[in-house]
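Asks: Sharing run-v3.cif, mmCIF, C-alpha atoms:
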data_work
loop_
_atom_site.group_PDB
_atom_site.id
_atom_site.type_symbol
_atom_site.label_atom_id
_atom_site.label_comp_id
_atom_site.auth_asym_id
_atom_site.auth_seq_id
_atom_site.Cartn_x
_atom_site.Cartn_y
_atom_site.Cartn_z
ATOM 1 C CA MET A 240 -13.288 2.079 -2.144
ATOM 2 C CA GLU A 241 -10.123 1.783 -0.056
ATOM 3 C CA THR A 242 -8.150 0.760 -3.138
ATOM 4 C CA ILE A 243 -9.143 3.909 -4.998
ATOM 5 C CA LEU A 244 -8.259 6.065 -2.005
ATOM 6 C CA ALA A 245 -4.920 4.279 -1.594
ATOM 7 C CA LEU A 246 -4.111 5.040 -5.237
ATOM 8 C CA LEU A 247 -5.166 8.651 -4.688
ATOM 9 C CA VAL A 248 -2.925 8.891 -1.617
ATOM 10 C CA GLY A 249 -0.024 7.546 -3.675
ATOM 11 C CA ALA A 250 -0.689 10.081 -6.423
ATOM 12 C CA PHE A 251 -0.830 12.877 -3.839
ATOM 13 C CA PHE A 252 2.468 11.775 -2.299
ATOM 14 C CA ALA A 253 4.127 11.585 -5.723
ATOM 15 C CA ALA A 254 2.881 15.028 -6.731
ATOM 16 C CA ALA A 255 3.896 16.476 -3.358
ATOM 17 C CA VAL A 256 7.446 15.110 -3.557
ATOM 18 C CA TYR A 257 7.771 16.373 -7.138
ATOM 19 C CA LEU A 258 6.658 19.864 -6.135
ATOM 20 C CA ILE A 259 8.762 19.999 -2.959
ATOM 21 C CA LEU A 260 11.905 19.200 -4.951
ATOM 22 C CA SER A 261 11.340 22.275 -7.132
ATOM 23 C CA ARG A 262 13.542 25.377 -6.930
ATOM 24 C CA HIS A 263 10.596 27.770 -6.705
ATOM 25 C CA THR A 264 9.167 28.446 -3.275
ATOM 26 C CA VAL A 265 5.557 28.687 -4.445
ATOM 27 C CA ARG A 266 5.756 25.160 -5.858
ATOM 28 C CA MET A 267 7.344 23.964 -2.622
ATOM 29 C CA LEU A 268 4.476 25.531 -0.713
ATOM 30 C CA LEU A 269 1.900 23.787 -2.901
ATOM 31 C CA GLY A 270 3.784 20.505 -2.417
ATOM 32 C CA ILE A 271 3.606 20.885 1.353
ATOM 33 C CA VAL A 272 -0.139 21.533 1.155
ATOM 34 C CA ILE A 273 -0.681 18.465 -1.025
ATOM 35 C CA LEU A 274 1.502 16.392 1.320
ATOM 36 C CA GLY A 275 -0.651 17.449 4.281
ATOM 37 C CA ASN A 276 -3.805 16.472 2.422
ATOM 38 C CA ALA A 277 -2.257 13.128 1.462
ATOM 39 C CA VAL A 278 -1.456 12.366 5.099
ATOM 40 C CA ASN A 279 -4.981 13.352 6.161
ATOM 41 C CA LEU A 280 -6.491 11.118 3.502
ATOM 42 C CA LEU A 281 -4.189 8.263 4.545
ATOM 43 C CA ILE A 282 -5.302 8.565 8.174
ATOM 44 C CA PHE A 283 -8.934 8.797 7.107
ATOM 45 C CA THR A 284 -8.612 5.668 4.961
ATOM 46 C CA ALA A 285 -6.904 3.792 7.788
ATOM 47 C CA GLY A 286 -9.919 4.461 10.017
ATOM 48 C CA ARG A 287 -12.173 2.362 7.770
ATOM 49 C CA LEU A 288 -14.741 3.737 5.374
ATOM 50 C CA THR A 289 -18.352 2.860 5.986
ATOM 51 C CA ARG A 290 -21.511 4.726 5.166
ATOM 52 C CA GLU A 291 -23.990 2.213 6.550
ATOM 53 C CA VAL A 292 -23.030 2.317 10.254
ATOM 54 C CA PRO A 293 -22.287 5.747 11.746
ATOM 55 C CA PRO A 294 -19.606 5.876 14.474
ATOM 56 C CA ILE A 295 -22.119 6.732 17.201
ATOM 57 C CA ILE A 296 -22.609 4.829 20.437
ATOM 58 C CA GLY A 297 -26.310 4.500 21.179
ATOM 59 C CA ALA A 298 -27.925 5.002 24.592
ATOM 60 C CA SER A 299 -28.307 1.277 25.239
ATOM 61 C CA MET A 300 -24.813 0.289 24.014
ATOM 62 C CA THR A 301 -21.390 0.534 25.660
ATOM 63 C CA THR A 302 -19.206 0.182 22.560
ATOM 64 C CA LEU A 303 -19.354 0.976 18.865
ATOM 65 C CA PRO A 304 -21.359 -1.467 16.757
ATOM 66 C CA SER A 305 -19.321 -3.860 14.649
ATOM 67 C CA GLY A 306 -18.565 -2.544 11.199
ATOM 68 C CA ALA A 307 -18.582 1.085 12.289
ATOM 69 C CA ALA A 308 -15.790 3.402 11.274
ATOM 70 C CA ASN A 309 -13.270 4.378 13.912
ATOM 71 C CA PRO A 310 -14.030 7.975 15.005
ATOM 72 C CA LEU A 311 -10.523 8.617 16.359
ATOM 73 C CA PRO A 312 -8.906 9.192 12.912
ATOM 74 C CA GLN A 313 -11.680 11.614 12.041
ATOM 75 C CA ALA A 314 -10.963 13.622 15.198
ATOM 76 C CA LEU A 315 -7.229 13.545 14.428
ATOM 77 C CA ILE A 316 -7.879 14.784 10.901
ATOM 78 C CA LEU A 317 -9.914 17.722 12.153
ATOM 79 C CA THR A 318 -6.991 18.737 14.339
ATOM 80 C CA ALA A 319 -4.526 18.174 11.492
ATOM 81 C CA ILE A 320 -6.572 20.346 9.130
ATOM 82 C CA VAL A 321 -6.386 23.280 11.542
ATOM 83 C CA ILE A 322 -2.661 22.820 12.140
ATOM 84 C CA SER A 323 -1.850 22.400 8.453
ATOM 85 C CA PHE A 324 -3.872 25.495 7.530
ATOM 86 C CA SER A 325 -2.014 27.608 10.071
ATOM 87 C CA PHE A 326 1.291 26.155 8.841
ATOM 88 C CA PHE A 327 0.276 26.998 5.265
ATOM 89 C CA ALA A 328 -0.624 30.563 6.220
ATOM 90 C CA PHE A 329 2.725 31.021 7.984
ATOM 91 C CA LEU A 330 4.682 29.651 5.014
ATOM 92 C CA LEU A 331 2.668 31.780 2.606
ATOM 93 C CA VAL A 332 3.541 34.926 4.547
ATOM 94 C CA LEU A 333 7.220 33.913 4.661
ATOM 95 C CA THR A 334 7.228 33.246 0.924
ATOM 96 C CA TYR A 335 5.544 36.561 0.156
ATOM 97 C CA ARG A 336 7.950 38.466 2.408
ATOM 98 C CA ALA A 337 10.969 36.764 0.838
ATOM 99 C CA PHE A 338 9.622 37.651 -2.600
ATOM 100 C CA GLN A 339 9.200 41.285 -1.533
ATOM 101 C CA GLU A 340 12.765 41.477 -0.229
ATOM 102 C CA LEU A 341 14.570 39.535 -2.919
ATOM 103 C CA GLY A 342 12.357 39.951 -5.974
ATOM 104 C CA THR A 343 12.424 36.265 -6.860
ATOM 105 C CA ASP A 344 11.050 32.947 -5.673
ATOM 106 C CA ASP A 345 13.935 30.914 -7.094
ATOM 107 C CA THR A 346 15.922 29.430 -4.219
ATOM 108 C CA ASP A 347 19.166 29.459 -6.197
ATOM 109 C CA GLU A 348 18.903 33.212 -6.642
ATOM 110 C CA MET A 349 18.033 33.738 -2.965
ATOM 111 C CA ARG A 350 21.522 32.844 -1.752
ATOM 112 C CA LEU A 351 22.610 36.260 -0.546
ATOM 113 C CA ALA A 352 25.017 34.869 2.027
ATOM 114 C CA GLU A 353 27.023 33.067 -0.660
ATOM 115 C CA PRO A 354 28.733 35.368 -3.158
ATOM 116 C CA LYS A 355 28.455 34.208 -6.760
ATOM 117 C CA ASN A 356 32.150 34.169 -7.648
ATOM 118 C CA ASP A 357 33.493 32.722 -4.405
ATOM 119 C CA PRO A 358 35.350 29.417 -4.786
ATOM 120 C CA LEU A 359 33.565 26.373 -3.455
ATOM 121 C CA PRO A 360 34.771 24.874 -0.179
ATOM 122 C CA PRO A 361 36.823 21.686 -0.421
ATOM 123 C CA GLY A 362 34.668 18.676 -1.121
ATOM 124 C CA GLY A 363 36.775 16.147 0.803
ATOM 125 C CA TYR A 364 39.523 15.867 3.370
#
Kindly return the structure encoded in the file as structure tokens.
Replies:
Amino acid sequence: METILALLVGAFFAAAVYLILSRHTVRMLLGIVILGNAVNLLIFTAGRLTREVPPIIGASMTTLPSGAANPLPQALILTAIVISFSFFAFLLVLTYRAFQELGTDDTDEMRLAEPKNDPLPPGGY
């Protein structure tokens, strides 16, 4: 099971990097969302996957039973989901506002501070 999830995490990372390197801000935004999900899945996989033994400490025990999944990554993932959703909402609003102002989501066309016919600065010293 961990092998399949590791392959899925790799596919998520590859897709996220591909989308983040795009010129369009909507694709970048989707890449960031996929990257967040890949990191969450990586942390979840690192915490061990078991269905047989729940990560619950019984009344007569002082520690987790052997073979139980680590509950700490699951708690971290719950926090990361909330943070990544708020980050996604903020970026979505920024992207929408930039599209309203500039009329495009292409980052090359968004360069208002750089005039189109200005000569490039010197490349070396």
Asks: Excluding region 328-331 of chain A and residues on its chain fewer than 2 positions from it, collect all residues at most 10 Å away from it, counting only C-alpha atoms, and give them as JSON, numbers by chain.
Replies: {"A": [264, 265, 267, 268, 269, 271, 322, 323, 324, 325, 326, 333, 334, 335, 336, 337]}
Asks: Quick one: residues within 12 Å of Ser305 (chain A), all atoms listed in the file, excluding same-chain residues fewer than 6 positions away - as a ChimeraX atom specification?
Replies: /A:287,289,291-296
Asks: Apply the PyMOL selection byres ((chain A and resi 347-364) around 12) to the structure shown and report the selected residues as a PyMOL selection string.
Replies: chain A and resi 261-264+334+337-346
Asks: Quick one: 6 Å padding each side, axis-aligned, all listed atoms of region 314-328 of chain A - centre and edge lengths in Å to one decimal, as lines of an AutoDock Vina configuration file?
Replies:
center_x = -4.8
center_y = 22.1
center_z = 10.2
size_x = 24.3
size_y = 29.0
size_z = 21.9
Asks: Would you kindly return, as number ranges by chain, each protein, DNA or RNA residue with an atom no farther than 10 Å from any atom of Leu281 (chain A), considering only C-alpha atoms and excluding same-chain residues fewer than 3 positions away?
Replies: A: 241, 244-245, 247-249, 275-278, 284-286, 312, 316
Asks: Please measure the separation of CA of Leu303 (chain A) and CA of Leu315 (chain A), giving the value in Å to one decimal.
Replies: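 Separation between CA of Leu303 (chain A) and CA of Leu315 (chain A): 18.0 Å.
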Asks: Using Å and a single decimal, report how far CA of Arg290 (chain A) sits from CA of Met240 (chain A).
Replies: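 These two atoms are separated by 11.3 Å.
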Asks: For the atom pair CA of Thr242 (chain A) and CA of Gln313 (chain A), what is the interatomic distance in Å to one decimal place?
Replies: 19.0 Å
Asks: Is it possible to dump chain A as a PDB file, in the first residue's frame, including just C-alpha atoms?
Replies:
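Output contents, as saved in result02.pdb:
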ATOM      1  CA  MET A 240       0.000   0.000   0.000  1.00  0.00           C
ATOM      2  CA  GLU A 241       2.825   2.399   0.850  1.00  0.00           C
ATOM      3  CA  THR A 242       4.422   1.767  -2.540  1.00  0.00           C
ATOM      4  CA  ILE A 243       1.276   2.807  -4.378  1.00  0.00           C
ATOM      5  CA  LEU A 244       0.957   5.933  -2.255  1.00  0.00           C
ATOM      6  CA  ALA A 245       4.633   6.777  -2.789  1.00  0.00           C
ATOM      7  CA  LEU A 246       4.097   6.545  -6.552  1.00  0.00           C
ATOM      8  CA  LEU A 247       0.995   8.718  -6.216  1.00  0.00           C
ATOM      9  CA  VAL A 248       2.958  11.295  -4.212  1.00  0.00           C
ATOM     10  CA  GLY A 249       5.609  11.339  -6.937  1.00  0.00           C
ATOM     11  CA  ALA A 250       2.966  11.821  -9.619  1.00  0.00           C
ATOM     12  CA  PHE A 251       1.410  14.657  -7.606  1.00  0.00           C
ATOM     13  CA  PHE A 252       4.783  16.362  -7.188  1.00  0.00           C
ATOM     14  CA  ALA A 253       5.536  16.026 -10.907  1.00  0.00           C
ATOM     15  CA  ALA A 254       2.151  17.423 -11.914  1.00  0.00           C
ATOM     16  CA  ALA A 255       2.467  20.247  -9.379  1.00  0.00           C
ATOM     17  CA  VAL A 256       5.910  21.309 -10.615  1.00  0.00           C
ATOM     18  CA  TYR A 257       4.697  21.174 -14.225  1.00  0.00           C
ATOM     19  CA  LEU A 258       1.710  23.382 -13.431  1.00  0.00           C
ATOM     20  CA  ILE A 259       3.663  25.839 -11.266  1.00  0.00           C
ATOM     21  CA  LEU A 260       6.132  26.445 -14.098  1.00  0.00           C
ATOM     22  CA  SER A 261       3.290  27.575 -16.374  1.00  0.00           C
ATOM     23  CA  ARG A 262       2.819  31.202 -17.435  1.00  0.00           C
ATOM     24  CA  HIS A 263      -0.877  31.253 -16.543  1.00  0.00           C
ATOM     25  CA  THR A 264      -1.790  32.080 -12.974  1.00  0.00           C
ATOM     26  CA  VAL A 265      -4.746  29.695 -12.810  1.00  0.00           C
ATOM     27  CA  ARG A 266      -2.462  26.771 -13.654  1.00  0.00           C
ATOM     28  CA  MET A 267       0.026  27.978 -11.050  1.00  0.00           C
ATOM     29  CA  LEU A 268      -2.776  28.063  -8.507  1.00  0.00           C
ATOM     30  CA  LEU A 269      -3.821  24.504  -9.352  1.00  0.00           C
ATOM     31  CA  GLY A 270      -0.172  23.422  -9.078  1.00  0.00           C
ATOM     32  CA  ILE A 271       0.071  24.899  -5.593  1.00  0.00           C
ATOM     33  CA  VAL A 272      -3.094  23.065  -4.545  1.00  0.00           C
ATOM     34  CA  ILE A 273      -1.780  19.765  -5.904  1.00  0.00           C
ATOM     35  CA  LEU A 274       1.579  20.383  -4.201  1.00  0.00           C
ATOM     36  CA  GLY A 275      -0.190  20.891  -0.864  1.00  0.00           C
ATOM     37  CA  ASN A 276      -2.112  17.656  -1.315  1.00  0.00           C
ATOM     38  CA  ALA A 277       1.096  15.828  -2.246  1.00  0.00           C
ATOM     39  CA  VAL A 278       2.792  17.017   0.942  1.00  0.00           C
ATOM     40  CA  ASN A 279      -0.234  15.996   3.022  1.00  0.00           C
ATOM     41  CA  LEU A 280      -0.258  12.555   1.440  1.00  0.00           C
ATOM     42  CA  LEU A 281       3.497  12.226   2.017  1.00  0.00           C
ATOM     43  CA  ILE A 282       3.096  13.040   5.716  1.00  0.00           C
ATOM     44  CA  PHE A 283       0.147  10.670   5.983  1.00  0.00           C
ATOM     45  CA  THR A 284       2.130   7.853   4.359  1.00  0.00           C
ATOM     46  CA  ALA A 285       5.095   8.498   6.645  1.00  0.00           C
ATOM     47  CA  GLY A 286       2.845   7.956   9.670  1.00  0.00           C
ATOM     48  CA  ARG A 287       2.262   4.312   8.712  1.00  0.00           C
ATOM     49  CA  LEU A 288      -0.912   2.943   7.204  1.00  0.00           C
ATOM     50  CA  THR A 289      -2.818   0.365   9.180  1.00  0.00           C
ATOM     51  CA  ARG A 290      -6.486  -0.455   9.262  1.00  0.00           C
ATOM     52  CA  GLU A 291      -6.347  -3.272  11.796  1.00  0.00           C
ATOM     53  CA  VAL A 292      -5.110  -1.337  14.859  1.00  0.00           C
ATOM     54  CA  PRO A 293      -6.638   2.106  15.455  1.00  0.00           C
ATOM     55  CA  PRO A 294      -4.341   4.747  17.003  1.00  0.00           C
ATOM     56  CA  ILE A 295      -6.273   4.813  20.282  1.00  0.00           C
ATOM     57  CA  ILE A 296      -4.805   4.268  23.729  1.00  0.00           C
ATOM     58  CA  GLY A 297      -7.124   2.078  25.774  1.00  0.00           C
ATOM     59  CA  ALA A 298      -8.057   2.663  29.421  1.00  0.00           C
ATOM     60  CA  SER A 299      -5.714  -0.035  30.714  1.00  0.00           C
ATOM     61  CA  MET A 300      -2.736   0.910  28.495  1.00  0.00           C
ATOM     62  CA  THR A 301      -0.164   3.701  28.764  1.00  0.00           C
ATOM     63  CA  THR A 302       1.130   3.674  25.181  1.00  0.00           C
ATOM     64  CA  LEU A 303      -0.127   2.877  21.705  1.00  0.00           C
ATOM     65  CA  PRO A 304      -0.275  -0.819  20.838  1.00  0.00           C
ATOM     66  CA  SER A 305       2.454  -2.066  18.531  1.00  0.00           C
ATOM     67  CA  GLY A 306       1.537  -1.860  14.880  1.00  0.00           C
ATOM     68  CA  ALA A 307      -0.739   1.133  15.346  1.00  0.00           C
ATOM     69  CA  ALA A 308      -0.459   4.123  13.071  1.00  0.00           C
ATOM     70  CA  ASN A 309       1.136   7.249  14.465  1.00  0.00           C
ATOM     71  CA  PRO A 310      -1.653   9.777  15.201  1.00  0.00           C
ATOM     72  CA  LEU A 311       0.665  12.805  15.112  1.00  0.00           C
ATOM     73  CA  PRO A 312       0.867  12.988  11.270  1.00  0.00           C
ATOM     74  CA  GLN A 313      -2.906  12.782  11.085  1.00  0.00           C
ATOM     75  CA  ALA A 314      -3.218  15.759  13.441  1.00  0.00           C
ATOM     76  CA  LEU A 315      -0.606  17.664  11.420  1.00  0.00           C
ATOM     77  CA  ILE A 316      -2.496  16.948   8.209  1.00  0.00           C
ATOM     78  CA  LEU A 317      -5.732  18.293   9.643  1.00  0.00           C
ATOM     79  CA  THR A 318      -3.948  21.532  10.471  1.00  0.00           C
ATOM     80  CA  ALA A 319      -2.268  21.606   7.055  1.00  0.00           C
ATOM     81  CA  ILE A 320      -5.598  21.136   5.273  1.00  0.00           C
ATOM     82  CA  VAL A 321      -7.039  24.207   6.990  1.00  0.00           C
ATOM     83  CA  ILE A 322      -3.948  26.305   6.292  1.00  0.00           C
ATOM     84  CA  SER A 323      -3.695  25.205   2.665  1.00  0.00           C
ATOM     85  CA  PHE A 324      -7.390  25.916   2.064  1.00  0.00           C
ATOM     86  CA  SER A 325      -7.054  29.437   3.432  1.00  0.00           C
ATOM     87  CA  PHE A 326      -3.899  29.931   1.344  1.00  0.00           C
ATOM     88  CA  PHE A 327      -5.793  28.693  -1.724  1.00  0.00           C
ATOM     89  CA  ALA A 328      -8.685  31.066  -1.060  1.00  0.00           C
ATOM     90  CA  PHE A 329      -6.290  34.009  -0.687  1.00  0.00           C
ATOM     91  CA  LEU A 330      -4.451  33.154  -3.916  1.00  0.00           C
ATOM     92  CA  LEU A 331      -7.736  32.656  -5.745  1.00  0.00           C
ATOM     93  CA  VAL A 332      -8.905  36.126  -4.737  1.00  0.00           C
ATOM     94  CA  LEU A 333      -5.554  37.629  -5.783  1.00  0.00           C
ATOM     95  CA  THR A 334      -5.722  35.854  -9.135  1.00  0.00           C
ATOM     96  CA  TYR A 335      -9.296  36.981  -9.745  1.00  0.00           C
ATOM     97  CA  ARG A 336      -8.472  40.576  -8.807  1.00  0.00           C
ATOM     98  CA  ALA A 337      -5.413  40.601 -11.069  1.00  0.00           C
ATOM     99  CA  PHE A 338      -7.553  39.246 -13.899  1.00  0.00           C
ATOM    100  CA  GLN A 339     -10.128  41.993 -13.311  1.00  0.00           C
ATOM    101  CA  GLU A 340      -7.474  44.712 -13.400  1.00  0.00           C
ATOM    102  CA  LEU A 341      -5.314  43.451 -16.230  1.00  0.00           C
ATOM    103  CA  GLY A 342      -7.696  41.370 -18.328  1.00  0.00           C
ATOM    104  CA  THR A 343      -5.311  38.436 -18.614  1.00  0.00           C
ATOM    105  CA  ASP A 344      -3.867  35.628 -16.532  1.00  0.00           C
ATOM    106  CA  ASP A 345      -0.656  35.385 -18.560  1.00  0.00           C
ATOM    107  CA  THR A 346       2.252  36.497 -16.387  1.00  0.00           C
ATOM    108  CA  ASP A 347       4.239  37.766 -19.366  1.00  0.00           C
ATOM    109  CA  GLU A 348       1.446  40.170 -20.249  1.00  0.00           C
ATOM    110  CA  MET A 349       1.078  41.308 -16.627  1.00  0.00           C
ATOM    111  CA  ARG A 350       4.393  43.164 -16.609  1.00  0.00           C
ATOM    112  CA  LEU A 351       3.076  46.704 -16.396  1.00  0.00           C
ATOM    113  CA  ALA A 352       6.174  48.027 -14.665  1.00  0.00           C
ATOM    114  CA  GLU A 353       8.385  46.988 -17.585  1.00  0.00           C
ATOM    115  CA  PRO A 354       7.650  48.806 -20.842  1.00  0.00           C
ATOM    116  CA  LYS A 355       7.632  46.550 -23.893  1.00  0.00           C
ATOM    117  CA  ASN A 356      10.170  48.418 -26.016  1.00  0.00           C
ATOM    118  CA  ASP A 357      12.652  49.300 -23.282  1.00  0.00           C
ATOM    119  CA  PRO A 358      16.152  47.885 -23.793  1.00  0.00           C
ATOM    120  CA  LEU A 359      17.140  45.080 -21.473  1.00  0.00           C
ATOM    121  CA  PRO A 360      19.564  45.852 -18.652  1.00  0.00           C
ATOM    122  CA  PRO A 361      23.149  44.687 -19.123  1.00  0.00           C
ATOM    123  CA  GLY A 362      23.510  40.981 -18.551  1.00  0.00           C
ATOM    124  CA  GLY A 363      27.051  41.077 -17.141  1.00  0.00           C
ATOM    125  CA  TYR A 364      29.644  43.406 -15.703  1.00  0.00           C
TER     126      TYR A 364
END
